[in-house]
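start-v3.cif follows; it contains mmCIF, N, CA and C atoms.
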```cif
data_structure
loop_
_atom_site.label_atom_id
_atom_site.label_comp_id
_atom_site.auth_asym_id
_atom_site.auth_seq_id
_atom_site.Cartn_x
_atom_site.Cartn_y
_atom_site.Cartn_z
N GLN A 259 6.33 -16.05 11.55
CA GLN A 259 5.08 -15.47 11.08
C GLN A 259 5.14 -13.95 11.22
N VAL A 260 4.66 -13.28 10.19
CA VAL A 260 4.62 -11.82 10.18
C VAL A 260 3.17 -11.38 9.99
N GLN A 261 2.74 -10.43 10.77
CA GLN A 261 1.39 -9.90 10.64
C GLN A 261 1.47 -8.46 10.12
N LEU A 262 0.59 -8.14 9.21
CA LEU A 262 0.50 -6.79 8.67
C LEU A 262 -0.88 -6.24 9.00
N VAL A 263 -0.91 -5.08 9.62
CA VAL A 263 -2.18 -4.44 9.99
C VAL A 263 -2.29 -3.13 9.25
N GLU A 264 -3.32 -3.02 8.44
CA GLU A 264 -3.55 -1.83 7.63
C GLU A 264 -4.58 -0.93 8.30
N SER A 265 -4.47 0.34 8.01
CA SER A 265 -5.45 1.31 8.49
C SER A 265 -5.47 2.51 7.56
N GLY A 266 -6.53 3.31 7.67
CA GLY A 266 -6.59 4.56 6.93
C GLY A 266 -7.54 4.60 5.76
N GLY A 267 -8.14 3.48 5.42
CA GLY A 267 -9.09 3.49 4.31
C GLY A 267 -10.38 4.19 4.71
N GLY A 268 -11.25 4.37 3.72
CA GLY A 268 -12.53 5.00 4.01
C GLY A 268 -13.17 5.56 2.77
N LEU A 269 -14.17 6.42 3.00
CA LEU A 269 -14.93 7.06 1.93
C LEU A 269 -14.50 8.51 1.83
N VAL A 270 -14.21 8.95 0.61
CA VAL A 270 -13.78 10.33 0.40
C VAL A 270 -14.33 10.82 -0.93
N GLN A 271 -14.55 12.11 -1.03
CA GLN A 271 -15.01 12.68 -2.30
C GLN A 271 -13.85 12.82 -3.27
N ALA A 272 -14.19 12.84 -4.54
CA ALA A 272 -13.16 13.04 -5.56
C ALA A 272 -12.41 14.33 -5.28
N GLY A 273 -11.09 14.26 -5.45
CA GLY A 273 -10.24 15.40 -5.16
C GLY A 273 -9.69 15.40 -3.75
N GLY A 274 -10.21 14.53 -2.92
CA GLY A 274 -9.77 14.45 -1.53
C GLY A 274 -8.53 13.61 -1.36
N SER A 275 -8.16 13.42 -0.09
CA SER A 275 -6.94 12.70 0.25
C SER A 275 -7.20 11.66 1.33
N LEU A 276 -6.39 10.63 1.31
CA LEU A 276 -6.36 9.62 2.36
C LEU A 276 -4.92 9.19 2.55
N ARG A 277 -4.61 8.71 3.76
CA ARG A 277 -3.30 8.16 4.05
C ARG A 277 -3.47 6.77 4.62
N LEU A 278 -2.91 5.80 3.92
CA LEU A 278 -2.94 4.42 4.37
C LEU A 278 -1.67 4.10 5.13
N SER A 279 -1.80 3.27 6.16
CA SER A 279 -0.65 2.80 6.92
C SER A 279 -0.69 1.28 6.99
N CYS A 280 0.48 0.69 7.08
CA CYS A 280 0.59 -0.77 7.17
C CYS A 280 1.77 -1.08 8.09
N ALA A 281 1.46 -1.62 9.26
CA ALA A 281 2.48 -1.92 10.26
C ALA A 281 2.74 -3.42 10.32
N ALA A 282 3.99 -3.78 10.25
CA ALA A 282 4.39 -5.19 10.32
C ALA A 282 4.83 -5.53 11.73
N SER A 283 4.45 -6.72 12.18
CA SER A 283 4.87 -7.19 13.50
C SER A 283 5.05 -8.70 13.44
N GLY A 284 5.66 -9.24 14.50
CA GLY A 284 5.88 -10.68 14.54
C GLY A 284 7.34 -11.02 14.39
N ARG A 285 7.61 -12.15 13.74
CA ARG A 285 8.97 -12.63 13.62
C ARG A 285 9.68 -11.91 12.47
N ILE A 286 10.00 -10.65 12.73
CA ILE A 286 10.63 -9.82 11.72
C ILE A 286 12.13 -9.83 11.93
N PHE A 287 12.86 -10.35 10.97
CA PHE A 287 14.31 -10.33 11.05
C PHE A 287 14.89 -9.33 10.07
N SER A 288 14.37 -9.33 8.89
CA SER A 288 14.79 -8.32 7.92
C SER A 288 13.66 -8.16 6.90
N LEU A 289 13.35 -6.95 6.63
CA LEU A 289 12.32 -6.65 5.64
C LEU A 289 12.99 -6.04 4.42
N HIS A 290 12.51 -6.43 3.30
CA HIS A 290 13.06 -5.92 2.05
C HIS A 290 12.08 -4.91 1.46
N ALA A 291 11.69 -5.08 0.26
CA ALA A 291 10.77 -4.13 -0.35
C ALA A 291 9.40 -4.19 0.33
N MET A 292 8.72 -3.06 0.34
CA MET A 292 7.35 -2.97 0.85
C MET A 292 6.53 -2.25 -0.21
N GLY A 293 5.23 -2.44 -0.19
CA GLY A 293 4.44 -1.75 -1.20
C GLY A 293 2.95 -1.98 -1.05
N TRP A 294 2.26 -1.53 -2.08
CA TRP A 294 0.80 -1.59 -2.09
C TRP A 294 0.30 -2.08 -3.44
N TYR A 295 -0.69 -2.94 -3.38
CA TYR A 295 -1.48 -3.34 -4.53
C TYR A 295 -2.91 -2.87 -4.28
N ARG A 296 -3.70 -2.91 -5.33
CA ARG A 296 -5.13 -2.66 -5.17
C ARG A 296 -5.92 -3.54 -6.12
N GLN A 297 -7.17 -3.79 -5.73
CA GLN A 297 -8.04 -4.60 -6.57
C GLN A 297 -9.43 -4.00 -6.55
N ALA A 298 -9.88 -3.58 -7.73
CA ALA A 298 -11.23 -3.06 -7.89
C ALA A 298 -12.16 -4.19 -8.26
N PRO A 299 -13.45 -4.03 -8.01
CA PRO A 299 -14.42 -5.09 -8.33
C PRO A 299 -14.34 -5.50 -9.79
N GLY A 300 -14.24 -6.79 -10.03
CA GLY A 300 -14.21 -7.31 -11.38
C GLY A 300 -12.89 -7.13 -12.11
N LYS A 301 -11.88 -6.63 -11.41
CA LYS A 301 -10.58 -6.39 -12.04
C LYS A 301 -9.49 -7.18 -11.32
N GLN A 302 -8.37 -7.34 -12.02
CA GLN A 302 -7.23 -8.02 -11.42
C GLN A 302 -6.52 -7.10 -10.44
N ARG A 303 -5.82 -7.73 -9.49
CA ARG A 303 -5.02 -6.94 -8.56
C ARG A 303 -3.89 -6.27 -9.33
N GLU A 304 -3.66 -4.99 -9.05
CA GLU A 304 -2.61 -4.26 -9.75
C GLU A 304 -1.66 -3.62 -8.75
N LEU A 305 -0.42 -3.52 -9.16
CA LEU A 305 0.60 -2.90 -8.32
C LEU A 305 0.41 -1.38 -8.34
N VAL A 306 0.43 -0.78 -7.17
CA VAL A 306 0.25 0.67 -7.05
C VAL A 306 1.60 1.35 -6.84
N ALA A 307 2.36 0.89 -5.84
CA ALA A 307 3.62 1.54 -5.52
C ALA A 307 4.50 0.59 -4.72
N THR A 308 5.80 0.76 -4.86
CA THR A 308 6.76 -0.03 -4.10
C THR A 308 7.86 0.89 -3.59
N ILE A 309 8.51 0.44 -2.50
CA ILE A 309 9.64 1.17 -1.95
C ILE A 309 10.62 0.17 -1.38
N THR A 310 11.89 0.36 -1.70
CA THR A 310 12.93 -0.53 -1.21
C THR A 310 13.42 -0.07 0.17
N THR A 311 14.28 -0.86 0.78
CA THR A 311 14.84 -0.47 2.07
C THR A 311 15.67 0.80 1.93
N GLY A 312 16.23 1.02 0.78
CA GLY A 312 17.03 2.21 0.55
C GLY A 312 16.22 3.43 0.16
N GLY A 313 14.92 3.24 -0.04
CA GLY A 313 14.05 4.37 -0.35
C GLY A 313 13.75 4.58 -1.82
N SER A 314 14.19 3.68 -2.67
CA SER A 314 13.84 3.80 -4.09
C SER A 314 12.36 3.48 -4.28
N ARG A 315 11.70 4.32 -5.08
CA ARG A 315 10.25 4.21 -5.24
C ARG A 315 9.87 3.94 -6.69
N ASN A 316 8.79 3.19 -6.86
CA ASN A 316 8.20 3.00 -8.18
C ASN A 316 6.69 3.11 -8.04
N TYR A 317 6.07 3.67 -9.08
CA TYR A 317 4.63 3.89 -9.05
C TYR A 317 3.98 3.40 -10.35
N ALA A 318 2.74 3.01 -10.24
CA ALA A 318 1.94 2.76 -11.43
C ALA A 318 1.72 4.10 -12.13
N ASP A 319 1.66 4.06 -13.45
CA ASP A 319 1.48 5.30 -14.21
C ASP A 319 0.20 6.02 -13.78
N SER A 320 -0.82 5.27 -13.42
CA SER A 320 -2.11 5.85 -13.09
C SER A 320 -2.10 6.68 -11.80
N VAL A 321 -1.06 6.51 -10.97
CA VAL A 321 -1.03 7.23 -9.69
C VAL A 321 0.15 8.18 -9.57
N LYS A 322 1.03 8.18 -10.55
CA LYS A 322 2.20 9.07 -10.50
C LYS A 322 1.77 10.52 -10.35
N GLY A 323 2.45 11.22 -9.45
CA GLY A 323 2.13 12.62 -9.22
C GLY A 323 1.01 12.84 -8.23
N ARG A 324 0.30 11.78 -7.86
CA ARG A 324 -0.81 11.90 -6.92
C ARG A 324 -0.56 11.12 -5.62
N PHE A 325 0.09 9.97 -5.74
CA PHE A 325 0.34 9.11 -4.58
C PHE A 325 1.82 9.17 -4.21
N THR A 326 2.09 9.06 -2.92
CA THR A 326 3.45 9.01 -2.44
C THR A 326 3.60 7.87 -1.44
N ILE A 327 4.56 7.00 -1.70
CA ILE A 327 4.83 5.90 -0.78
C ILE A 327 6.04 6.26 0.07
N SER A 328 5.98 5.88 1.34
CA SER A 328 7.11 6.11 2.24
C SER A 328 7.16 4.97 3.25
N ARG A 329 8.25 4.90 3.99
CA ARG A 329 8.38 3.85 5.00
C ARG A 329 9.18 4.35 6.18
N ASP A 330 8.89 3.76 7.32
CA ASP A 330 9.65 4.03 8.54
C ASP A 330 10.24 2.68 8.96
N ASN A 331 11.50 2.47 8.68
CA ASN A 331 12.13 1.19 8.96
C ASN A 331 12.18 0.88 10.45
N ALA A 332 12.30 1.90 11.27
CA ALA A 332 12.33 1.68 12.72
C ALA A 332 11.00 1.15 13.24
N LYS A 333 9.93 1.52 12.55
CA LYS A 333 8.59 1.08 12.96
C LYS A 333 8.05 -0.05 12.09
N ASN A 334 8.86 -0.48 11.11
CA ASN A 334 8.40 -1.54 10.18
C ASN A 334 7.04 -1.19 9.58
N THR A 335 6.92 0.05 9.15
CA THR A 335 5.65 0.55 8.66
C THR A 335 5.83 1.18 7.29
N VAL A 336 4.86 0.94 6.43
CA VAL A 336 4.84 1.57 5.11
C VAL A 336 3.56 2.40 5.00
N TYR A 337 3.68 3.53 4.32
CA TYR A 337 2.56 4.46 4.19
C TYR A 337 2.26 4.71 2.71
N LEU A 338 1.02 5.09 2.43
CA LEU A 338 0.65 5.51 1.09
C LEU A 338 -0.20 6.76 1.22
N GLN A 339 0.38 7.90 0.87
CA GLN A 339 -0.36 9.16 0.87
C GLN A 339 -1.02 9.30 -0.49
N MET A 340 -2.33 9.42 -0.49
CA MET A 340 -3.09 9.48 -1.73
C MET A 340 -3.80 10.83 -1.82
N ASN A 341 -3.41 11.62 -2.80
CA ASN A 341 -3.99 12.94 -3.02
C ASN A 341 -4.73 12.96 -4.35
N SER A 342 -5.56 13.98 -4.52
CA SER A 342 -6.31 14.15 -5.77
C SER A 342 -6.99 12.85 -6.19
N LEU A 343 -7.66 12.24 -5.26
CA LEU A 343 -8.27 10.93 -5.51
C LEU A 343 -9.38 11.03 -6.55
N LYS A 344 -9.49 9.97 -7.34
CA LYS A 344 -10.47 9.87 -8.41
C LYS A 344 -11.38 8.67 -8.15
N PRO A 345 -12.57 8.68 -8.70
CA PRO A 345 -13.46 7.52 -8.54
C PRO A 345 -12.81 6.22 -8.99
N GLU A 346 -11.96 6.27 -10.00
CA GLU A 346 -11.31 5.06 -10.47
C GLU A 346 -10.23 4.53 -9.52
N ASP A 347 -9.95 5.27 -8.45
CA ASP A 347 -9.05 4.78 -7.42
C ASP A 347 -9.77 3.88 -6.42
N THR A 348 -11.09 3.79 -6.54
CA THR A 348 -11.86 2.95 -5.65
C THR A 348 -11.43 1.49 -5.77
N ALA A 349 -11.07 0.90 -4.66
CA ALA A 349 -10.57 -0.48 -4.65
C ALA A 349 -10.28 -0.90 -3.22
N VAL A 350 -9.99 -2.17 -3.05
CA VAL A 350 -9.40 -2.66 -1.80
C VAL A 350 -7.89 -2.57 -1.97
N TYR A 351 -7.24 -1.94 -1.03
CA TYR A 351 -5.80 -1.74 -1.08
C TYR A 351 -5.12 -2.73 -0.12
N TYR A 352 -4.12 -3.43 -0.65
CA TYR A 352 -3.38 -4.43 0.12
C TYR A 352 -1.92 -4.02 0.22
N CYS A 353 -1.39 -4.05 1.41
CA CYS A 353 0.04 -3.83 1.54
C CYS A 353 0.75 -5.18 1.52
N TYR A 354 2.02 -5.14 1.21
CA TYR A 354 2.83 -6.36 1.25
C TYR A 354 4.22 -6.02 1.75
N VAL A 355 4.88 -7.05 2.24
CA VAL A 355 6.26 -6.92 2.70
C VAL A 355 7.04 -8.12 2.18
N ASP A 356 8.16 -7.88 1.58
CA ASP A 356 9.06 -8.94 1.16
C ASP A 356 10.10 -9.14 2.25
N SER A 357 10.42 -10.41 2.49
CA SER A 357 11.43 -10.75 3.48
C SER A 357 12.39 -11.76 2.86
N ALA A 358 13.26 -12.31 3.71
CA ALA A 358 14.15 -13.36 3.22
C ALA A 358 13.35 -14.61 2.89
N GLY A 359 12.17 -14.72 3.43
CA GLY A 359 11.29 -15.86 3.16
C GLY A 359 10.17 -15.46 2.24
N PRO A 360 8.94 -15.74 2.65
CA PRO A 360 7.82 -15.46 1.75
C PRO A 360 7.44 -13.97 1.74
N ARG A 361 6.56 -13.63 0.80
CA ARG A 361 5.95 -12.30 0.79
C ARG A 361 4.75 -12.36 1.74
N TRP A 362 4.63 -11.35 2.59
CA TRP A 362 3.51 -11.26 3.52
C TRP A 362 2.52 -10.20 3.05
N TRP A 363 1.23 -10.46 3.32
CA TRP A 363 0.17 -9.58 2.85
C TRP A 363 -0.68 -9.07 4.00
N GLY A 364 -1.17 -7.84 3.84
CA GLY A 364 -2.16 -7.32 4.76
C GLY A 364 -3.54 -7.83 4.39
N GLN A 365 -4.51 -7.52 5.25
CA GLN A 365 -5.86 -8.03 5.07
C GLN A 365 -6.66 -7.20 4.07
N GLY A 366 -6.17 -6.04 3.73
CA GLY A 366 -6.86 -5.19 2.78
C GLY A 366 -7.67 -4.12 3.49
N THR A 367 -7.70 -2.94 2.89
CA THR A 367 -8.52 -1.85 3.42
C THR A 367 -9.26 -1.20 2.25
N GLN A 368 -10.54 -0.94 2.44
CA GLN A 368 -11.38 -0.40 1.37
C GLN A 368 -11.18 1.10 1.24
N VAL A 369 -10.97 1.54 0.01
CA VAL A 369 -10.94 2.95 -0.32
C VAL A 369 -12.04 3.20 -1.34
N THR A 370 -12.95 4.10 -1.03
CA THR A 370 -14.05 4.43 -1.92
C THR A 370 -14.04 5.92 -2.19
N VAL A 371 -13.99 6.27 -3.47
CA VAL A 371 -13.95 7.67 -3.87
C VAL A 371 -15.25 7.98 -4.61
N SER A 372 -16.02 8.88 -4.07
CA SER A 372 -17.30 9.25 -4.68
C SER A 372 -17.11 10.42 -5.63
N SER A 373 -17.93 10.43 -6.68
CA SER A 373 -17.82 11.50 -7.69
C SER A 373 -18.70 12.68 -7.34
#
```
Any chance you could put this one into structure tokens?
Amino acid sequence: QVQLVESGGGLVQAGGSLRLSCAASGRIFSLHAMGWYRQAPGKQRELVATITTGGSRNYADSVKGRFTISRDNAKNTVYLQMNSLKPEDTAVYYCYVDSAGPRWWGQGTQVTVSS
């Protein structure tokens, strides 16, 4: 069993910044890709950013140039630095971790961007 604990969400004005963290613990033997999804009210969950163990990154077009994903393999933690936030970034953000077994999910953290 792997547990993911997210932190860093909150309320911010448009143009502001937030940094999300997601720490994995438990029966961790090897972690593969890590990343973030988000889900806004009434919308489907969408992929925001991913990062491999080697550091290769991919981003949704809507966040390119504004969000940066990073990871600390020693701490089994993935981060999402979000700059120049827009009201349309408002959503619940979920981190995930891929392993040799199933994909593990965090509980979600609310990000609200006011205009």
Please, what distance in Å, to one decimal, runs between CA of Leu276 in chain A and CA of Pro299 in chain A? 19.9 Å
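Around the point (0.0, 6.8, -3.2), within 7 Å and counting only N, CA and C atoms, we find these residues: Val306, Ala307, Val321, Arg324, Phe325, Thr326, Ile327, Tyr337, Leu338, Gln339, Met340 and Asn341 of chain A.
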Of A:Thr311, A:Lys322, A:Asp347, A:Cys353, the one nearest to Ser288 in chain A when counting only C-alpha atoms is A:Thr311
Interatomic distance between CA of Asp356 in chain A and CA of Thr335 in chain A? 12.6 Å
Using DSSP on the backbone coordinates, identify all residues within range 288-367 of chain A classified as strand (DSSP E); present the result as number ranges by chain. A: 289-297, 304-309, 315-317, 325-330, 335-340, 349-357, 361-363, 367
With the file shown as input, list the residues that the PyMOL selection byres ((chain A and resi 273) around 6) selects, as a PyMOL selection string. chain A and resi 271-272+274-275+341-344
Expected axis-aligned box over every listed atom of range 310-327 of chain A, 8 Å added per side, centre plus edges in Å to one decimal, as AutoDock Vina command-line options:
```
--center_x 7.5 --center_y 6.0 --center_z -6.1 --size_x 35.1 --size_y 29.7 --size_z 32.3
```
Which distance in Å separates CA of Thr348 in chain A and CA of Leu269 in chain A, to one decimal?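 Atom-to-atom, CA of Thr348 in chain A to CA of Leu269 in chain A, that is 9.2 Å.
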Pick from A:Thr308, A:Ser357, A:Asn331, A:Ser279 nearest to Gln259 in chain A, counting only C-alpha atoms: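 Residue with the minimum atom-to-atom distance to Gln259 in chain A: A:Ser357.
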Counting all atoms listed in the file, which of A:Ser372, A:His290, A:Ala281, A:Arg303 gets nearest to Pro345 in chain A? A:Ser372
Selected by the PyMOL selection byres ((chain A and resi 282) around 7) in the shown coordinates: which residues, as a JSON list (two decimals) with N, CA and C atoms, keeping the file's coordinate frame?
```
[["chain", "number", "residue", "atom", "x", "y", "z"],
["A", 260, "VAL", "N", 4.66, -13.28, 10.19],
["A", 260, "VAL", "CA", 4.62, -11.82, 10.18],
["A", 260, "VAL", "C", 3.17, -11.38, 9.99],
["A", 261, "GLN", "N", 2.74, -10.43, 10.77],
["A", 261, "GLN", "CA", 1.39, -9.90, 10.64],
["A", 261, "GLN", "C", 1.47, -8.46, 10.12],
["A", 262, "LEU", "N", 0.59, -8.14, 9.21],
["A", 262, "LEU", "CA", 0.50, -6.79, 8.67],
["A", 262, "LEU", "C", -0.88, -6.24, 9.00],
["A", 263, "VAL", "N", -0.91, -5.08, 9.62],
["A", 263, "VAL", "CA", -2.18, -4.44, 9.99],
["A", 263, "VAL", "C", -2.29, -3.13, 9.25],
["A", 280, "CYS", "N", 0.48, 0.69, 7.08],
["A", 280, "CYS", "CA", 0.59, -0.77, 7.17],
["A", 280, "CYS", "C", 1.77, -1.08, 8.09],
["A", 281, "ALA", "N", 1.46, -1.62, 9.26],
["A", 281, "ALA", "CA", 2.48, -1.92, 10.26],
["A", 281, "ALA", "C", 2.74, -3.42, 10.32],
["A", 283, "SER", "N", 4.45, -6.72, 12.18],
["A", 283, "SER", "CA", 4.87, -7.19, 13.50],
["A", 283, "SER", "C", 5.05, -8.70, 13.44],
["A", 284, "GLY", "N", 5.66, -9.24, 14.50],
["A", 284, "GLY", "CA", 5.88, -10.68, 14.54],
["A", 284, "GLY", "C", 7.34, -11.02, 14.39],
["A", 333, "LYS", "N", 9.93, 1.52, 12.55],
["A", 333, "LYS", "CA", 8.59, 1.08, 12.96],
["A", 333, "LYS", "C", 8.05, -0.05, 12.09],
["A", 334, "ASN", "N", 8.86, -0.48, 11.11],
["A", 334, "ASN", "CA", 8.40, -1.54, 10.18],
["A", 334, "ASN", "C", 7.04, -1.19, 9.58],
["A", 335, "THR", "N", 6.92, 0.05, 9.15],
["A", 335, "THR", "CA", 5.65, 0.55, 8.66],
["A", 335, "THR", "C", 5.83, 1.18, 7.29],
["A", 336, "VAL", "N", 4.86, 0.94, 6.43],
["A", 336, "VAL", "CA", 4.84, 1.57, 5.11],
["A", 336, "VAL", "C", 3.56, 2.40, 5.00]]
```
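Residues surrounding Thr367 in chain A within 7 Å are Glu264, Ser265, Gly266, Gly267, Gly268, Ala349, Val350, Tyr351, Tyr352, Cys353, Gly364, Gln365 and Val369 of chain A [all atoms listed in the file; sequence separation below 2 positions excluded].
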Find, counting all atoms listed in the file, the residue in A:Gly323, A:Ala291, A:Arg285, A:Ala358 that gets nearest to Ile309 in chain A.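 Distance minimum relative to Ile309 in chain A lands on A:Ala291.
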Among A:Glu346, A:Val355, A:Gly312, A:Met292, Val371 in chain A is approached most closely, using only C-alpha atoms, by A:Glu346
